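Engineer: Next up, target.txt (compact mmCIF, C-alpha atoms).
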```txt
# COMPACT_ATOMS: atom_id res chain seq x y z
CA MET A 1 34.28 53.73 18.42
CA ILE A 2 33.89 50.43 20.30
CA ARG A 3 30.19 50.43 19.55
CA LYS A 4 30.84 50.86 15.84
CA LEU A 5 33.37 48.02 15.83
CA THR A 6 31.02 45.72 17.73
CA LEU A 7 28.15 46.55 15.38
CA ALA A 8 30.34 46.00 12.31
CA ALA A 9 31.60 42.67 13.66
CA ALA A 10 28.06 41.54 14.38
CA LEU A 11 26.87 42.51 10.92
CA LEU A 12 29.81 40.94 9.14
CA ALA A 13 29.88 37.70 11.13
CA PRO A 14 28.48 34.73 9.21
CA VAL A 15 24.95 34.01 10.19
CA SER A 16 24.20 30.34 10.68
CA VAL A 17 20.71 29.30 9.90
CA ALA A 18 19.45 26.32 11.80
CA ALA A 19 17.93 24.03 9.21
CA GLN A 20 14.82 22.27 10.26
CA GLU A 21 14.94 18.55 9.85
CA LEU A 22 12.56 17.11 7.34
CA PRO A 23 9.94 14.84 8.80
CA THR A 24 10.52 11.17 8.26
CA ALA A 25 7.89 8.53 7.92
CA PRO A 26 8.18 4.77 7.54
CA TYR A 27 7.29 3.49 4.11
CA LEU A 28 6.98 0.21 2.24
CA PRO A 29 9.93 -0.37 -0.11
CA LEU A 30 9.10 -1.77 -3.54
CA ASP A 31 11.14 -4.94 -3.05
CA MET A 32 9.17 -5.78 0.11
CA ALA A 33 5.89 -5.11 -1.69
CA GLN A 34 6.94 -7.44 -4.51
CA THR A 35 8.02 -10.15 -2.07
CA ALA A 36 4.73 -9.97 -0.17
CA ALA A 37 2.64 -10.09 -3.34
CA GLN A 38 4.59 -13.03 -4.79
CA ALA A 39 4.33 -15.00 -1.54
CA ALA A 40 0.57 -14.40 -1.42
CA VAL A 41 0.05 -15.51 -5.02
CA GLU A 42 2.15 -18.62 -4.40
CA ALA A 43 0.26 -19.45 -1.20
CA CYS A 44 -3.04 -19.39 -3.07
CA ALA A 45 -1.60 -21.29 -6.04
CA ALA A 46 -0.43 -24.03 -3.67
CA GLU A 47 -4.08 -24.47 -2.69
CA GLY A 48 -5.23 -24.46 -6.31
CA HIS A 49 -6.58 -20.90 -6.40
CA ASN A 50 -5.82 -18.41 -9.17
CA VAL A 51 -5.89 -14.98 -7.57
CA SER A 52 -4.68 -11.47 -8.08
CA VAL A 53 -2.79 -9.77 -5.27
CA ALA A 54 -2.33 -6.03 -4.91
CA VAL A 55 -0.10 -4.09 -2.55
CA VAL A 56 -0.66 -0.39 -1.96
CA ALA A 57 1.39 2.17 -0.09
CA ARG A 58 0.03 3.96 2.97
CA SER A 59 -1.15 6.69 0.61
CA GLY A 60 -3.33 4.16 -1.22
CA VAL A 61 -1.21 4.32 -4.37
CA THR A 62 -0.76 0.90 -5.96
CA LYS A 63 2.81 -0.42 -5.75
CA VAL A 64 2.37 -3.97 -7.08
CA ILE A 65 -0.31 -6.04 -8.79
CA LEU A 66 0.29 -9.69 -9.60
CA ARG A 67 -2.34 -11.67 -11.45
CA ALA A 68 -2.00 -15.44 -11.54
CA ASP A 69 -2.48 -17.20 -14.84
CA ASN A 70 -6.19 -17.87 -15.31
CA ALA A 71 -7.29 -15.51 -12.53
CA GLY A 72 -10.64 -13.95 -13.33
CA PRO A 73 -10.77 -10.46 -14.80
CA HIS A 74 -12.57 -9.10 -11.74
CA THR A 75 -9.75 -10.16 -9.40
CA VAL A 76 -7.47 -7.21 -10.16
CA GLY A 77 -10.08 -4.66 -9.08
CA SER A 78 -11.10 -6.73 -6.09
CA SER A 79 -7.56 -7.17 -4.80
CA THR A 80 -6.69 -3.52 -5.35
CA GLY A 81 -9.85 -2.38 -3.56
CA LYS A 82 -9.20 -4.64 -0.59
CA ALA A 83 -5.59 -3.45 -0.32
CA PHE A 84 -6.69 0.19 -0.59
CA THR A 85 -9.37 -0.31 2.06
CA SER A 86 -6.93 -1.91 4.51
CA ALA A 87 -4.35 0.85 4.01
CA SER A 88 -6.96 3.58 4.22
CA MET A 89 -8.78 2.27 7.27
CA GLY A 90 -5.81 0.61 8.96
CA ARG A 91 -7.69 -2.62 9.55
CA ASP A 92 -8.57 -5.93 7.97
CA THR A 93 -11.45 -5.83 5.54
CA ALA A 94 -13.31 -8.75 7.14
CA GLY A 95 -13.30 -6.94 10.48
CA LEU A 96 -14.47 -3.77 8.77
CA ALA A 97 -17.33 -5.64 7.12
CA GLY A 98 -18.39 -6.95 10.53
CA PHE A 99 -18.10 -3.47 12.05
CA ILE A 100 -20.36 -2.02 9.36
CA GLY A 101 -22.82 -4.91 9.47
CA SER A 102 -23.14 -4.82 13.26
CA ASN A 103 -24.48 -1.29 13.41
CA PRO A 104 -26.62 0.43 10.76
CA GLN A 105 -25.08 3.77 11.73
CA ASN A 106 -21.78 2.56 10.26
CA ASP A 107 -23.31 1.77 6.87
CA GLY A 108 -22.22 5.12 5.44
CA LEU A 109 -18.63 3.87 5.44
CA ARG A 110 -19.50 1.74 2.39
CA ASP A 111 -20.12 4.88 0.34
CA MET A 112 -17.28 6.98 1.69
CA ASP A 113 -14.96 6.27 -1.25
CA SER A 114 -15.71 4.32 -4.42
CA ARG A 115 -12.35 2.53 -4.15
CA LEU A 116 -13.30 0.76 -0.90
CA VAL A 117 -14.03 -2.95 -1.12
CA ILE A 118 -15.63 -4.18 2.10
CA GLN A 119 -15.09 -7.93 1.80
CA ALA A 120 -12.67 -10.29 3.50
CA GLY A 121 -9.25 -10.62 1.89
CA GLY A 122 -7.47 -7.37 2.71
CA LEU A 123 -4.98 -6.78 5.52
CA PRO A 124 -3.07 -3.70 6.61
CA ILE A 125 0.72 -3.87 6.41
CA ARG A 126 2.41 -2.80 9.63
CA ILE A 127 6.14 -2.85 10.11
CA GLY A 128 7.56 -1.94 13.48
CA GLY A 129 4.08 -0.86 14.54
CA ALA A 130 3.78 1.67 11.71
CA LEU A 131 1.05 1.37 9.10
CA VAL A 132 2.89 1.39 5.75
CA GLY A 133 0.32 -0.04 3.34
CA GLY A 134 -2.25 -2.67 2.59
CA ILE A 135 -2.36 -6.00 0.78
CA GLY A 136 -5.39 -7.64 -0.77
CA ALA A 137 -6.24 -10.75 -2.74
CA GLY A 138 -9.22 -11.57 -4.90
CA GLY A 139 -10.24 -14.71 -6.70
CA ALA A 140 -10.24 -17.53 -4.17
CA PRO A 141 -13.60 -19.20 -3.43
CA SER A 142 -13.95 -17.12 -0.24
CA GLY A 143 -12.60 -13.96 1.31
CA ASP A 144 -11.25 -16.00 4.20
CA ILE A 145 -9.03 -17.93 1.78
CA ASP A 146 -7.93 -14.64 0.20
CA ALA A 147 -7.02 -13.40 3.69
CA THR A 148 -5.01 -16.55 4.42
CA CYS A 149 -3.01 -15.98 1.24
CA VAL A 150 -2.23 -12.35 2.00
CA ARG A 151 -1.26 -13.34 5.55
CA ALA A 152 1.45 -15.51 3.92
CA GLY A 153 2.58 -12.39 2.09
CA LEU A 154 2.86 -10.45 5.34
CA ASP A 155 4.77 -13.30 6.95
CA ALA A 156 7.23 -13.33 4.04
CA ILE A 157 8.30 -9.74 4.82
CA GLY A 158 8.06 -9.95 8.60
CA ALA A 159 5.08 -7.59 8.77
CA GLU A 160 2.61 -7.62 11.63
```
For this file, produce the structure as structure tokens.
Structural biologist:
Amino acid sequence: MIRKLTLAAALLAPVSVAAQELPTAPYLPLDMAQTAAQAAVEACAAEGHNVSVAVVARSGVTKVILRADNAGPHTVGSSTGKAFTSASMGRDTAGLAGFIGSNPQNDGLRDMDSRLVIQAGGLPIRIGGALVGGIGAGGAPSGDIDATCVRAGLDAIGAE
């Protein structure tokens, strides 16, 4: 009799299921992406350069594109490619170009994905040490100037 009661109590007792916690990952909020892009465009404009600036999420998906008045038509693709490359590879595009150029064995990286743009002007976006995206500019007279502009964008949002 006691066995039957114990078994019935065990079967009728509510069963609690321990829910697994969903994984969390840092991400780049839209307002931060917009702030970074605007600051980068303004930094280049202050130097007299009409550029486009793109910000992509860690996934490579474009979050923001800003094109300055009179920026060349090629600048949108260039900035997006640089941002994508920085987010994808987790490094600055100028450093990546040097890495590829310094060793012929690395040359295959150029053809890894048609969206990669291996020219100076793209920087990864890291917040709190986590890679959350990439930012790129295109249209200044040199990639180094593009990189200086996107650095201003990172500074505006406190990114590394």
Engineer: Mind pulling up the distance from CA of Pro23 (chain A) to CA of Ala83 (chain A)?
Structural biologist: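 Calculated distance between CA of Ala83 (chain A) and CA of Pro23 (chain A) is 25.7 Å.
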Engineer: Leaving out Gly138 (chain A) and any residue of its chain fewer than 4 positions from it, which residues lie within 9 Å of it when counting only C-alpha atoms, given as a PDB file with C-alpha atoms, in the coordinates of the input?
Structural biologist:
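Listed below is the output, selection.pdb:
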```pdb
ATOM      1  CA  ASN A  50      -5.820 -18.410  -9.170  1.00  0.00           C
ATOM      2  CA  VAL A  51      -5.890 -14.980  -7.570  1.00  0.00           C
ATOM      3  CA  SER A  52      -4.680 -11.470  -8.080  1.00  0.00           C
ATOM      4  CA  VAL A  53      -2.790  -9.770  -5.270  1.00  0.00           C
ATOM      5  CA  ALA A  54      -2.330  -6.030  -4.910  1.00  0.00           C
ATOM      6  CA  ALA A  71      -7.290 -15.510 -12.530  1.00  0.00           C
ATOM      7  CA  GLY A  72     -10.640 -13.950 -13.330  1.00  0.00           C
ATOM      8  CA  HIS A  74     -12.570  -9.100 -11.740  1.00  0.00           C
ATOM      9  CA  THR A  75      -9.750 -10.160  -9.400  1.00  0.00           C
ATOM     10  CA  VAL A  76      -7.470  -7.210 -10.160  1.00  0.00           C
ATOM     11  CA  GLY A  77     -10.080  -4.660  -9.080  1.00  0.00           C
ATOM     12  CA  SER A  78     -11.100  -6.730  -6.090  1.00  0.00           C
ATOM     13  CA  SER A  79      -7.560  -7.170  -4.800  1.00  0.00           C
ATOM     14  CA  THR A  80      -6.690  -3.520  -5.350  1.00  0.00           C
ATOM     15  CA  LYS A  82      -9.200  -4.640  -0.590  1.00  0.00           C
ATOM     16  CA  GLY A 121      -9.250 -10.620   1.890  1.00  0.00           C
ATOM     17  CA  GLY A 122      -7.470  -7.370   2.710  1.00  0.00           C
ATOM     18  CA  SER A 142     -13.950 -17.120  -0.240  1.00  0.00           C
ATOM     19  CA  GLY A 143     -12.600 -13.960   1.310  1.00  0.00           C
ATOM     20  CA  ASP A 146      -7.930 -14.640   0.200  1.00  0.00           C
TER      21      ASP A 146
END
```
Engineer: For CA of Ser86 (chain A) and CA of Gly134 (chain A), determine how far apart the two atoms are, in Å to one decimal place.
Structural biologist: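 If I compute the distance from CA of Ser86 (chain A) to CA of Gly134 (chain A), I get 5.1 Å.
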Engineer: Name the closest residue to Gly90 (chain A) among the candidates A:Val64, A:Asp113, A:Gly108, A:Leu123; distances are taken between atoms, counting all atoms listed in the file.
Structural biologist: A:Leu123
Engineer: What does the distance from CA of Val132 (chain A) to CA of Thr93 (chain A) come to in Å, to one decimal?
Structural biologist: 16.1 Å
Engineer: Give the answer as one residue: which of A:Ser88, A:Thr35, A:Ser102, A:Gln119 has the shortest atom-to-atom distance to Gly133 (chain A), using all atoms listed in the file?
Structural biologist: A:Ser88
